[in-house]
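Raw contents of coords.txt, compact mmCIF, C-alpha atoms:
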```txt
# COMPACT_ATOMS: atom_id res chain seq x y z
CA MET A 1 107.21 168.38 107.46
CA GLY A 2 109.34 168.71 110.56
CA THR A 3 112.40 167.57 112.44
CA GLY A 4 111.48 167.00 116.05
CA THR A 5 111.14 170.37 117.79
CA VAL A 6 110.66 172.40 114.60
CA ARG A 7 107.83 172.04 112.09
CA THR A 8 107.81 173.41 108.52
CA GLU A 9 104.89 173.94 106.14
CA THR A 10 104.87 175.61 102.74
CA PHE A 11 102.08 177.77 101.28
CA ASP A 12 102.46 179.56 97.95
CA GLU A 13 106.29 179.57 98.12
CA ILE A 14 106.24 180.80 101.74
CA ALA A 15 107.85 178.49 104.31
CA ILE A 16 106.23 178.65 107.75
CA VAL A 17 108.68 177.47 110.41
CA THR A 18 107.07 176.73 113.78
CA LEU A 19 109.01 176.19 116.97
CA ASN A 20 107.27 173.16 118.47
CA LYS A 21 108.74 172.34 121.88
CA PRO A 22 105.95 172.68 124.46
CA PRO A 23 105.21 174.31 126.73
CA VAL A 24 107.30 177.43 125.94
CA ASN A 25 109.49 176.44 122.96
CA ALA A 26 112.62 176.72 125.09
CA ILE A 27 115.94 176.60 123.27
CA ASP A 28 118.48 173.83 123.75
CA LEU A 29 120.97 171.99 121.54
CA THR A 30 118.25 169.78 120.08
CA LEU A 31 116.03 172.67 119.00
CA ILE A 32 118.98 174.52 117.45
CA HIS A 33 120.02 171.47 115.45
CA ASP A 34 116.43 170.84 114.30
CA ALA A 35 116.10 174.50 113.26
CA GLU A 36 119.34 174.30 111.28
CA LYS A 37 118.06 171.27 109.38
CA CYS A 38 114.88 173.13 108.46
CA LEU A 39 116.74 176.28 107.40
CA LYS A 40 119.17 174.27 105.29
CA SER A 41 116.30 172.51 103.54
CA ILE A 42 114.55 175.83 102.89
CA GLU A 43 117.69 177.53 101.59
CA GLU A 44 118.51 174.66 99.25
CA ASP A 45 115.04 173.81 97.86
CA GLY A 46 115.14 176.55 95.21
CA LYS A 47 111.38 177.12 95.53
CA THR A 48 110.88 179.05 98.76
CA LEU A 49 110.82 182.83 98.35
CA ALA A 50 110.27 183.96 101.94
CA VAL A 51 110.09 182.54 105.47
CA VAL A 52 107.74 183.07 108.40
CA ILE A 53 108.88 181.98 111.87
CA THR A 54 106.39 181.53 114.70
CA GLY A 55 105.86 179.49 117.86
CA SER A 56 103.38 176.78 118.76
CA GLY A 57 100.89 177.37 121.57
CA LYS A 58 100.72 180.77 123.23
CA CYS A 59 104.47 181.40 123.36
CA PHE A 60 106.93 182.34 120.62
CA SER A 61 109.94 181.22 122.69
CA ALA A 62 110.91 181.76 126.32
CA GLY A 63 114.61 181.56 125.46
CA LEU A 64 117.16 179.08 126.76
CA ASP A 65 115.85 176.02 128.55
CA LEU A 66 116.93 177.04 132.06
CA LYS A 67 116.09 173.58 133.37
CA THR A 68 118.86 171.98 131.31
CA VAL A 69 121.25 174.41 129.57
CA PRO A 70 122.87 175.87 132.75
CA TYR A 71 123.77 172.30 133.74
CA TYR A 72 125.41 171.35 130.46
CA SER A 73 128.95 170.06 130.69
CA GLN A 74 131.78 172.39 129.68
CA SER A 75 131.97 170.79 126.23
CA GLU A 76 128.19 171.08 125.78
CA GLN A 77 128.29 174.73 126.83
CA ARG A 78 131.00 175.42 124.28
CA GLN A 79 128.93 173.63 121.65
CA MET A 80 125.89 175.70 122.61
CA VAL A 81 127.78 178.99 122.24
CA GLU A 82 129.17 177.88 118.87
CA ASP A 83 125.74 176.77 117.71
CA LEU A 84 124.04 179.97 118.88
CA ASN A 85 126.60 182.11 117.09
CA ARG A 86 126.26 180.06 113.94
CA ILE A 87 122.45 180.01 113.72
CA VAL A 88 121.97 183.66 114.73
CA ALA A 89 124.53 184.78 112.15
CA TRP A 90 122.88 182.53 109.57
CA LEU A 91 119.44 183.97 110.29
CA TYR A 92 120.71 187.55 110.33
CA GLY A 93 122.25 187.18 106.90
CA PHE A 94 119.77 184.63 105.51
CA PRO A 95 119.35 185.29 101.78
CA LEU A 96 115.56 184.97 101.89
CA PRO A 97 113.28 187.46 103.66
CA ILE A 98 112.29 186.37 107.17
CA VAL A 99 109.15 187.61 108.92
CA THR A 100 108.47 186.71 112.56
CA ALA A 101 104.92 186.11 113.77
CA ILE A 102 105.49 186.71 117.48
CA ASN A 103 102.41 184.99 118.83
CA GLY A 104 103.28 185.34 122.53
CA HIS A 105 106.17 185.69 124.95
CA ALA A 106 109.56 186.22 123.26
CA ILE A 107 112.19 186.29 125.97
CA ALA A 108 116.01 186.15 126.01
CA GLY A 109 117.12 183.84 123.18
CA GLY A 110 113.57 183.78 121.83
CA PHE A 111 113.56 187.58 121.66
CA ILE A 112 116.92 187.58 119.87
CA LEU A 113 115.59 185.03 117.39
CA ALA A 114 112.74 187.44 116.60
CA MET A 115 115.15 190.39 116.35
CA SER A 116 117.23 188.49 113.78
CA SER A 117 114.39 188.68 111.29
CA ASP A 118 113.56 191.32 108.68
CA TYR A 119 110.06 192.22 109.86
CA ARG A 120 108.44 191.62 113.24
CA ILE A 121 104.72 191.31 113.96
CA GLY A 122 103.55 191.09 117.57
CA THR A 123 100.30 190.17 119.26
CA SER A 124 97.91 192.55 120.96
CA SER A 125 97.38 190.00 123.73
CA SER A 126 99.37 190.29 126.96
CA CYS A 127 102.93 189.05 126.53
CA LYS A 128 106.50 189.69 127.65
CA LEU A 129 109.23 190.77 125.24
CA GLY A 130 112.88 191.35 126.03
CA VAL A 131 116.19 189.91 127.18
CA THR A 132 116.60 188.74 130.78
CA GLU A 133 120.21 187.55 130.58
CA SER A 134 121.47 190.06 133.14
CA ARG A 135 118.91 188.72 135.62
CA VAL A 136 119.72 185.04 135.10
CA GLY A 137 123.49 185.51 135.02
CA ILE A 138 124.04 184.34 131.44
CA PRO A 139 126.27 186.54 129.20
CA PHE A 140 125.53 187.13 125.52
CA PRO A 141 127.45 185.21 122.82
CA ILE A 142 128.84 187.66 120.27
CA SER A 143 126.18 187.07 117.62
CA THR A 144 123.30 187.75 119.99
CA MET A 145 124.89 190.98 121.23
CA GLU A 146 125.52 192.13 117.66
CA VAL A 147 121.86 191.63 116.77
CA MET A 148 120.69 193.57 119.82
CA LYS A 149 123.03 196.48 119.05
CA GLY A 150 122.21 196.42 115.36
CA GLU A 151 118.44 196.25 115.58
CA LEU A 152 117.65 198.59 118.48
CA ALA A 153 118.24 202.26 119.15
CA PRO A 154 121.22 202.68 121.53
CA ALA A 155 119.14 203.80 124.52
CA VAL A 156 116.65 200.97 124.01
CA SER A 157 119.35 198.30 123.73
CA ARG A 158 121.15 199.73 126.78
CA ARG A 159 118.04 199.51 128.93
CA MET A 160 116.99 196.11 127.66
CA ILE A 161 120.43 194.51 127.92
CA LEU A 162 121.59 195.95 131.24
CA VAL A 163 118.31 196.22 133.15
CA GLY A 164 116.83 192.98 131.88
CA HIS A 165 113.15 193.85 132.34
CA THR A 166 110.62 192.74 129.76
CA ILE A 167 108.09 195.03 128.06
CA GLY A 168 104.66 194.57 126.46
CA SER A 169 103.71 194.79 122.80
CA GLU A 170 102.57 198.43 122.82
CA GLU A 171 105.81 199.63 124.39
CA ALA A 172 107.77 197.40 122.03
CA LEU A 173 106.00 198.97 119.06
CA SER A 174 106.70 202.51 120.30
CA GLN A 175 110.41 201.68 120.75
CA GLY A 176 110.85 200.16 117.30
CA VAL A 177 111.17 196.61 118.59
CA LEU A 178 108.05 195.54 116.69
CA ASP A 179 107.01 196.74 113.25
CA GLU A 180 103.31 196.23 113.89
CA ILE A 181 100.78 194.62 116.23
CA GLN A 182 97.87 192.39 115.26
CA THR A 183 95.12 190.60 117.14
CA PRO A 184 96.12 187.06 118.21
CA ASP A 185 94.12 185.43 115.40
CA ASN A 186 95.66 187.69 112.76
CA VAL A 187 99.35 187.56 113.72
CA LEU A 188 100.19 184.59 111.49
CA PRO A 189 97.91 185.51 108.54
CA ARG A 190 99.35 189.02 108.52
CA ALA A 191 102.91 187.63 108.68
CA ILE A 192 102.16 185.43 105.68
CA ALA A 193 100.78 188.44 103.78
CA VAL A 194 103.91 190.48 104.56
CA ALA A 195 106.10 187.54 103.53
CA LYS A 196 104.26 187.31 100.21
CA ASP A 197 105.01 190.98 99.60
CA PHE A 198 108.70 190.36 100.36
CA ALA A 199 108.59 187.32 98.06
CA SER A 200 107.59 189.55 95.14
CA LEU A 201 110.89 191.46 95.35
CA PRO A 202 113.89 190.59 93.14
CA SER A 203 115.47 187.85 95.24
CA GLU A 204 119.16 188.22 94.36
CA ALA A 205 119.13 191.96 94.90
CA TYR A 206 117.26 191.53 98.19
CA ALA A 207 119.88 189.10 99.51
CA THR A 208 122.68 191.50 98.51
CA ILE A 209 120.99 194.55 100.04
CA LYS A 210 120.30 192.67 103.27
CA ARG A 211 123.97 191.78 103.64
CA GLN A 212 124.95 195.36 102.82
CA LEU A 213 122.66 196.64 105.56
CA ARG A 214 124.10 194.24 108.15
CA ALA A 215 127.62 193.90 106.76
CA GLU A 216 129.58 195.21 109.75
CA ALA A 217 127.73 193.12 112.33
CA LEU A 218 127.90 190.00 110.15
CA ALA A 219 131.63 190.52 109.59
CA ARG A 220 132.25 190.67 113.35
CA MET A 221 130.18 187.53 113.89
CA GLU A 222 131.90 185.63 111.11
CA ASP A 223 135.37 186.69 112.26
CA ALA A 224 134.64 185.57 115.83
CA MET A 225 133.44 182.20 114.58
CA LYS A 226 136.36 181.76 112.19
CA THR A 227 138.96 182.57 114.84
CA ALA A 228 137.07 181.01 117.78
CA SER A 229 137.59 184.31 119.60
CA ASP A 230 134.28 184.58 121.44
CA PRO A 231 135.47 184.58 125.09
CA LEU A 232 132.36 182.68 126.14
CA LEU A 233 133.77 179.60 124.43
CA ARG A 234 136.06 179.29 127.45
CA THR A 235 133.55 180.08 130.19
CA TRP A 236 129.86 180.79 129.68
CA ILE A 237 127.44 179.83 132.46
CA THR A 238 129.12 179.88 135.87
CA ASP A 239 127.87 178.80 139.29
CA GLU A 240 126.49 182.33 139.71
CA GLY A 241 124.47 181.85 136.54
CA ARG A 242 123.14 178.49 137.67
CA VAL A 243 121.99 179.98 140.99
CA ALA A 244 120.40 183.00 139.29
CA SER A 245 118.70 180.79 136.67
CA ALA A 246 117.23 178.52 139.34
CA LYS A 247 116.00 181.55 141.29
CA HIS A 248 114.43 182.99 138.14
CA LEU A 249 112.61 179.72 137.41
CA ALA A 250 111.27 179.61 140.96
CA SER A 251 109.99 183.19 140.77
CA PRO A 252 106.18 183.53 140.45
CA ASP A 253 106.69 186.21 137.78
```

Could you quickly redo this structure as structure tokens?
Amino acid sequence: MGTGTVRTETFDEIAIVTLNKPPVNAIDLTLIHDAEKCLKSIEEDGKTLAVVITGSGKCFSAGLDLKTVPYYSQSEQRQMVEDLNRIVAWLYGFPLPIVTAINGHAIAGGFILAMSSDYRIGTSSSCKLGVTESRVGIPFPISTMEVMKGELAPAVSRRMILVGHTIGSEEALSQGVLDEIQTPDNVLPRAIAVAKDFASLPSEAYATIKRQLRAEALARMEDAMKTASDPLLRTWITDEGRVASAKHLASPD
């Protein structure tokens, strides 16, 4: 089952959601809307007990589609900020357990998607993990910043957010970014096994405890969405960001 750029399969009450937008599962309005449809179906089906999110190919997600998103119209940019805030907040407070099988690069928005989950499994193969927004001139919508601050130690989030360099899996594990590392062939099977363990927990209590754990961050996200107070709704990606994004795309690294 799938809706365009997102594919969903179910095994033993575990929903496996695969980002499927080759070559790097870059995020745009279409992928966000497809992901929302899948999440809504999962949340409402009454049968799924846990979720695994992964990426197709050798990349989890390289973040925003820098070939298109920086050139969105003002109304499309506003829509993108609203949609990012909504789906990140939804994932962060999702009532079901979410495990990410980070099968490759997870950069910028793709990294934040992984950080919004409850348990993160990385690959032992070479990959880049981190947020590069400061290097491409694209500020963080409120929900993405809340996740970064909530999920990482202060010094780690400071370096990642302000410096904008990516790290490998081993460093990510040592800094608490990843919960464990598996060989490439075992990332998804291990994620499914962890999801099955989560699925055995009392579901209503789990959903309540998860919201308790993240209550302050979720409240700030929800208030910003309710009052439309995220300043990026007015101005998000400027000419500076478009120039920096184009330069980043052209870089051999």

Per residue of range 89-206 of chain A within 9 Å of range 28-46 of chain A, record the nearest atom pair and its distance in Å to one decimal, counting only C-alpha atoms, with rows in chain order and ascending residue number, as CSV.
```
residue,atom,partner,partner_atom,distance
A:Leu91,CA,A:Leu39,CA,8.6
A:Phe94,CA,A:Glu43,CA,8.4
A:Pro95,CA,A:Glu43,CA,7.9
A:Leu96,CA,A:Glu43,CA,7.7
```

- Task: Show which residues sit within 12 Å of Ile209 in chain A, as a VMD selection string. Count all atoms listed in the file, and ignore same-chain residues fewer than 4 positions away.
- Result: chain A and resid 93 to 97 118 201 to 205 213 to 215

- Task: Find the residue from A:Ile161, A:Ala114, A:Val99, A:Val81 that sits nearest to Ile192 in chain A; use only C-alpha atoms when measuring.
- Result: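 Once distances to Ile192 in chain A are computed over only C-alpha atoms, the minimum belongs to A:Val99.
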
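Residue nearest Ala172 in chain A, chosen from A:Ser116, A:Thr144, A:Gln74, A:Ser124 and counting all atoms listed in the file: A:Ser124.
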
- Smallest atom-to-atom distance to Ile107 in chain A: which of A:Lys128, A:Arg159, A:His165, A:Arg220, using only C-alpha atoms? A:Lys128

- Go ahead and compute the interatomic distance for CA of Ile142 in chain A and CA of Ile27 in chain A, in Å to one decimal. 17.3 Å

- Would you list the contacts of Ser61 in chain A as a VMD selection string, taking every protein, DNA or RNA residue within 7 Å and counting only C-alpha atoms, but skipping same-chain residues closer than 4 positions in sequence? chain A and resid 24 to 26 55 105 to 107 110

May I have the selected residues written with C-alpha atoms, as a PDB file, in the frame of the given file?
```pdb
ATOM      1  CA  VAL A  24     107.300 177.430 125.940  1.00  0.00           C
ATOM      2  CA  ASN A  25     109.490 176.440 122.960  1.00  0.00           C
ATOM      3  CA  ALA A  26     112.620 176.720 125.090  1.00  0.00           C
ATOM      4  CA  GLY A  55     105.860 179.490 117.860  1.00  0.00           C
ATOM      5  CA  HIS A 105     106.170 185.690 124.950  1.00  0.00           C
ATOM      6  CA  ALA A 106     109.560 186.220 123.260  1.00  0.00           C
ATOM      7  CA  ILE A 107     112.190 186.290 125.970  1.00  0.00           C
ATOM      8  CA  GLY A 110     113.570 183.780 121.830  1.00  0.00           C
TER       9      GLY A 110
END
```

- Note on the structure: Residue with the minimum atom-to-atom distance to Ala62 in chain A, picked from A:Ile181, A:Val131, A:Leu49, A:Leu188 with all atoms listed in the file counted, is A:Val131

Near Glu133 in chain A, counting all atoms listed in the file, which residues have an atom at most 12 Å away, once you skip same-chain residues fewer than 2 positions from it, shown as a compact mmCIF listing (two decimals) with C-alpha atoms, keeping the file's coordinate frame?
```txt
# COMPACT_ATOMS: atom_id res chain seq x y z
CA ALA A 62 110.91 181.76 126.32
CA GLY A 63 114.61 181.56 125.46
CA LEU A 64 117.16 179.08 126.76
CA LEU A 66 116.93 177.04 132.06
CA ILE A 107 112.19 186.29 125.97
CA ALA A 108 116.01 186.15 126.01
CA GLY A 109 117.12 183.84 123.18
CA GLY A 110 113.57 183.78 121.83
CA PHE A 111 113.56 187.58 121.66
CA ILE A 112 116.92 187.58 119.87
CA GLY A 130 112.88 191.35 126.03
CA VAL A 131 116.19 189.91 127.18
CA ARG A 135 118.91 188.72 135.62
CA VAL A 136 119.72 185.04 135.10
CA GLY A 137 123.49 185.51 135.02
CA ILE A 138 124.04 184.34 131.44
CA PRO A 139 126.27 186.54 129.20
CA PHE A 140 125.53 187.13 125.52
CA PRO A 141 127.45 185.21 122.82
CA THR A 144 123.30 187.75 119.99
CA MET A 145 124.89 190.98 121.23
CA MET A 160 116.99 196.11 127.66
CA ILE A 161 120.43 194.51 127.92
CA LEU A 162 121.59 195.95 131.24
CA VAL A 163 118.31 196.22 133.15
CA GLY A 164 116.83 192.98 131.88
CA HIS A 165 113.15 193.85 132.34
CA THR A 166 110.62 192.74 129.76
CA TRP A 236 129.86 180.79 129.68
CA ILE A 237 127.44 179.83 132.46
CA GLY A 241 124.47 181.85 136.54
CA ARG A 242 123.14 178.49 137.67
CA ALA A 244 120.40 183.00 139.29
CA SER A 245 118.70 180.79 136.67
CA HIS A 248 114.43 182.99 138.14
```

- Quick one: distance from CA of Thr100 in chain A to CA of Val156 in chain A in Å, one decimal?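 Taking CA of Thr100 in chain A as the start and CA of Val156 in chain A as the end point, the length is 20.0 Å.
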
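Comparing A:Asn85, A:Thr8, A:Gln182, A:Ser125 by their smallest distance to Ser143 in chain A, the closest is A:Asn85 (using only C-alpha atoms).
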
- Query: For Gln175 in chain A, which of A:Ser157, A:Ser229, A:Thr235, A:Thr54 is the closest residue, counting all atoms listed in the file?
  - Reply: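 Using all atoms listed in the file, Gln175 in chain A sits closest to A:Ser157.
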
- Task: Please identify all polymer residues within 10 Å of Ala199 in chain A, counting only C-alpha atoms, omitting same-chain residues fewer than 6 positions from it, and present them as a ChimeraX atom specification.
- Result: /A:12-14,48-51,96-98,193,206

- Report the distance between CA of Thr132 in chain A and CA of Lys67 in chain A in Å, rounded to one decimal place.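 Computing the Euclidean distance for CA of Thr132 in chain A and CA of Lys67 in chain A yields 15.4 Å.
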